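Enquirer: Starting off with a structure, shown below.
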Amino acid sequence: MGKVKGGMKCVKYLLFFFNFMFWLVGSLVLAIGLWLRFDPVTTAIFQTDNSPQTYFLGVYILVGAGGLMMLVGFFGCCGAVRESQCLLGSFFACLLVIFAAEIAASVFGFLNKDKIIDEIQKSYDEAFDAYQKNENQNETLIIYQTSLSCCGKTDMKSDEKFQKTCPENTENMKTCDEAIKNYFKDQFYIIGYVGIGIAGVMIIGMIFSMVLCCAIRNSRDVI
């Protein structure tokens with residue numbers, strides 16, 4: 001305890017503050033992941049028959065990363081306060097693993113973004129076609145249209161038979177293909193911005209942890 005001196009003490013307290021902020025960021029990531037998972041719109045859509053599950057895979061990764069970040073932030077605080085090379089080294093290794101996992105998840109999401117949207121649109125199209133063949137098969141269709149406040153694949157306002165599956169006040173309402181595309185693109189932007197912010201925070205944490213770890217080792221060598 002109290003091995004580092006001078007400027008390294010500043011790094012020590014900066015690392016402690018960073019880890020506290022990292023823990024808070026982990027809480028935010030976990031909260032965003034849970035929000036995306038239990039958001040009424042996405043929950044309603046992905047509980048329908050034949051709904052694509054690729055979107056939830058990315059959300060589960062986000063939830064797991066948030067929980068892990070909270071745990072790592074806690075141990076990072078302990079490592080900074082105790083000036084433990086072991087804890088700081090483990091903290092660095094955990095940050096590196098999380099960083100690599102986040103990059104992998106981001107690449108996965110970016111490469112599959114259009115595929116996920118296409119799968120959701122295809123699921124809606126199947127519900128639409130089923131309703132066209134049998135008006136009783138409208139539950140999935142209503143869920144999509146109510147959740148996204150959309151109506152049909154084209155201008156369905158003149159189709160009285162179809163009107164009963166749409167929300168009220170269909171004037172200026174988007175088609176469902178367009179609504180699906182816009183809604184889930186916004187979701188991906190949220191995930192992307194959160195990921196970029198986390199990556200920057202983790203890089204700073206890795207630098208601080210290595211600097212402090214090296215300072216502690218050098219102070220022991222001098223003793």
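Note on naming: chains are A, B, ... as they come in the structure tokens, residues start from 1 per chain, ligands start from 1 in the order shown.
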Per residue of range 56-131 of chain A within 9 Å of range 29-43 of chain A, note the shortest atom pair and the distance in Å to one decimal, counting only C-alpha atoms, and order the rows by chain and increasing residue number, as CSV.

Expert:
```
residue,atom,partner,partner_atom,distance
A:Phe56,CA,A:Arg37,CA,6.9
A:Val59,CA,A:Gly33,CA,5.6
A:Tyr60,CA,A:Gly33,CA,7.1
A:Ile61,CA,A:Gly33,CA,8.3
A:Leu62,CA,A:Gly33,CA,5.4
A:Val63,CA,A:Gly33,CA,4.8
A:Gly64,CA,A:Leu30,CA,7.5
A:Ala65,CA,A:Leu30,CA,7.4
A:Gly66,CA,A:Leu30,CA,4.3
A:Gly67,CA,A:Leu30,CA,6.1
A:Met69,CA,A:Val29,CA,8.6
A:Met70,CA,A:Leu30,CA,8.8
```

Enquirer: What lies within 12 Å of Leu71 in chain A using only C-alpha atoms, ignoring chain neighbours under 2 positions off, as number ranges by chain?

Expert: A: 19-20, 22-27, 30, 64-69, 73-78, 90-91, 94-95, 98

Enquirer: Would you mind listing what lies within 8 Å of range 141-146 of chain A as a list in words, with only C-alpha atoms counted and same-chain residues fewer than 5 positions away left out?

Expert: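 Using only C-alpha atoms, the neighbours found are Ala44, Ile45, Tyr124, Ala127, Phe128, Tyr131, Cys151, Gly152, Thr165, Cys166, Pro167 and Cys176 of chain A.
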
Enquirer: Put those residues in a file: N, CA and C atoms, as a PDB file, in the first residue's frame.

Expert:
```
ATOM      1  N   ALA A  44     -43.002  -7.679 -28.693  1.00  0.00           N
ATOM      2  CA  ALA A  44     -44.212  -8.111 -29.395  1.00  0.00           C
ATOM      3  C   ALA A  44     -43.870  -8.761 -30.728  1.00  0.00           C
ATOM      4  N   ILE A  45     -42.931  -8.150 -31.451  1.00  0.00           N
ATOM      5  CA  ILE A  45     -42.580  -8.661 -32.786  1.00  0.00           C
ATOM      6  C   ILE A  45     -41.868 -10.009 -32.700  1.00  0.00           C
ATOM      7  N   TYR A 124     -42.919 -10.377 -41.695  1.00  0.00           N
ATOM      8  CA  TYR A 124     -44.149  -9.594 -41.879  1.00  0.00           C
ATOM      9  C   TYR A 124     -44.851  -9.980 -43.189  1.00  0.00           C
ATOM     10  N   ALA A 127     -46.849 -13.055 -42.787  1.00  0.00           N
ATOM     11  CA  ALA A 127     -48.101 -12.795 -42.072  1.00  0.00           C
ATOM     12  C   ALA A 127     -49.109 -12.091 -42.982  1.00  0.00           C
ATOM     13  N   PHE A 128     -48.605 -11.192 -43.804  1.00  0.00           N
ATOM     14  CA  PHE A 128     -49.467 -10.467 -44.749  1.00  0.00           C
ATOM     15  C   PHE A 128     -50.091 -11.438 -45.761  1.00  0.00           C
ATOM     16  N   TYR A 131     -52.748 -13.641 -44.227  1.00  0.00           N
ATOM     17  CA  TYR A 131     -54.022 -12.926 -44.046  1.00  0.00           C
ATOM     18  C   TYR A 131     -54.768 -12.800 -45.364  1.00  0.00           C
ATOM     19  N   CYS A 151     -49.127   0.339 -41.737  1.00  0.00           N
ATOM     20  CA  CYS A 151     -50.299  -0.289 -42.347  1.00  0.00           C
ATOM     21  C   CYS A 151     -49.950  -0.832 -43.718  1.00  0.00           C
ATOM     22  N   GLY A 152     -49.839  -2.163 -43.819  1.00  0.00           N
ATOM     23  CA  GLY A 152     -49.699  -2.829 -45.115  1.00  0.00           C
ATOM     24  C   GLY A 152     -48.354  -2.679 -45.792  1.00  0.00           C
ATOM     25  N   THR A 165     -57.274  -4.506 -39.750  1.00  0.00           N
ATOM     26  CA  THR A 165     -56.037  -4.995 -39.127  1.00  0.00           C
ATOM     27  C   THR A 165     -55.081  -3.860 -38.799  1.00  0.00           C
ATOM     28  N   CYS A 166     -55.350  -2.655 -39.312  1.00  0.00           N
ATOM     29  CA  CYS A 166     -54.447  -1.516 -39.119  1.00  0.00           C
ATOM     30  C   CYS A 166     -54.844  -0.713 -37.885  1.00  0.00           C
ATOM     31  N   PRO A 167     -53.886   0.017 -37.313  1.00  0.00           N
ATOM     32  CA  PRO A 167     -54.235   0.920 -36.213  1.00  0.00           C
ATOM     33  C   PRO A 167     -55.187   2.009 -36.705  1.00  0.00           C
ATOM     34  N   CYS A 176     -45.457  -0.909 -43.728  1.00  0.00           N
ATOM     35  CA  CYS A 176     -44.739  -1.652 -42.689  1.00  0.00           C
ATOM     36  C   CYS A 176     -43.306  -1.979 -43.085  1.00  0.00           C
TER      37      CYS A 176
END
```

Enquirer: Using 12 Å as the limit and counting only C-alpha atoms, can you tabulate each residue of range 171-194 of chain A that touches range 119-122 of chain A, with its shortest atom-to-atom distance in Å and the two atoms involved, as a Markdown table?

Expert:
```
| residue | atom | partner | partner_atom | distance |
| --- | --- | --- | --- | --- |
| A:Thr175 | CA | A:Gln121 | CA | 11.1 |
| A:Cys176 | CA | A:Gln121 | CA | 8.1 |
| A:Asp177 | CA | A:Gln121 | CA | 6.0 |
| A:Glu178 | CA | A:Gln121 | CA | 9.1 |
| A:Ala179 | CA | A:Gln121 | CA | 9.7 |
| A:Ile180 | CA | A:Gln121 | CA | 6.8 |
| A:Lys181 | CA | A:Gln121 | CA | 8.0 |
| A:Asn182 | CA | A:Gln121 | CA | 11.5 |
| A:Tyr183 | CA | A:Ile120 | CA | 11.2 |
| A:Phe184 | CA | A:Ile120 | CA | 9.4 |
```

Enquirer: Chain A: which residues are alpha helix (DSSP H) by DSSP, as a PyMOL selection string?

Expert: chain A and resi 7-38+40-46+54-82+85-133+139-148+160-163+176-222

Enquirer: Work out how far CA of Ile196 in chain A is from CA of Ala105 in chain A, in Å to one decimal.

Expert: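 We find that CA of Ala105 in chain A and CA of Ile196 in chain A lie 11.9 Å from each other.
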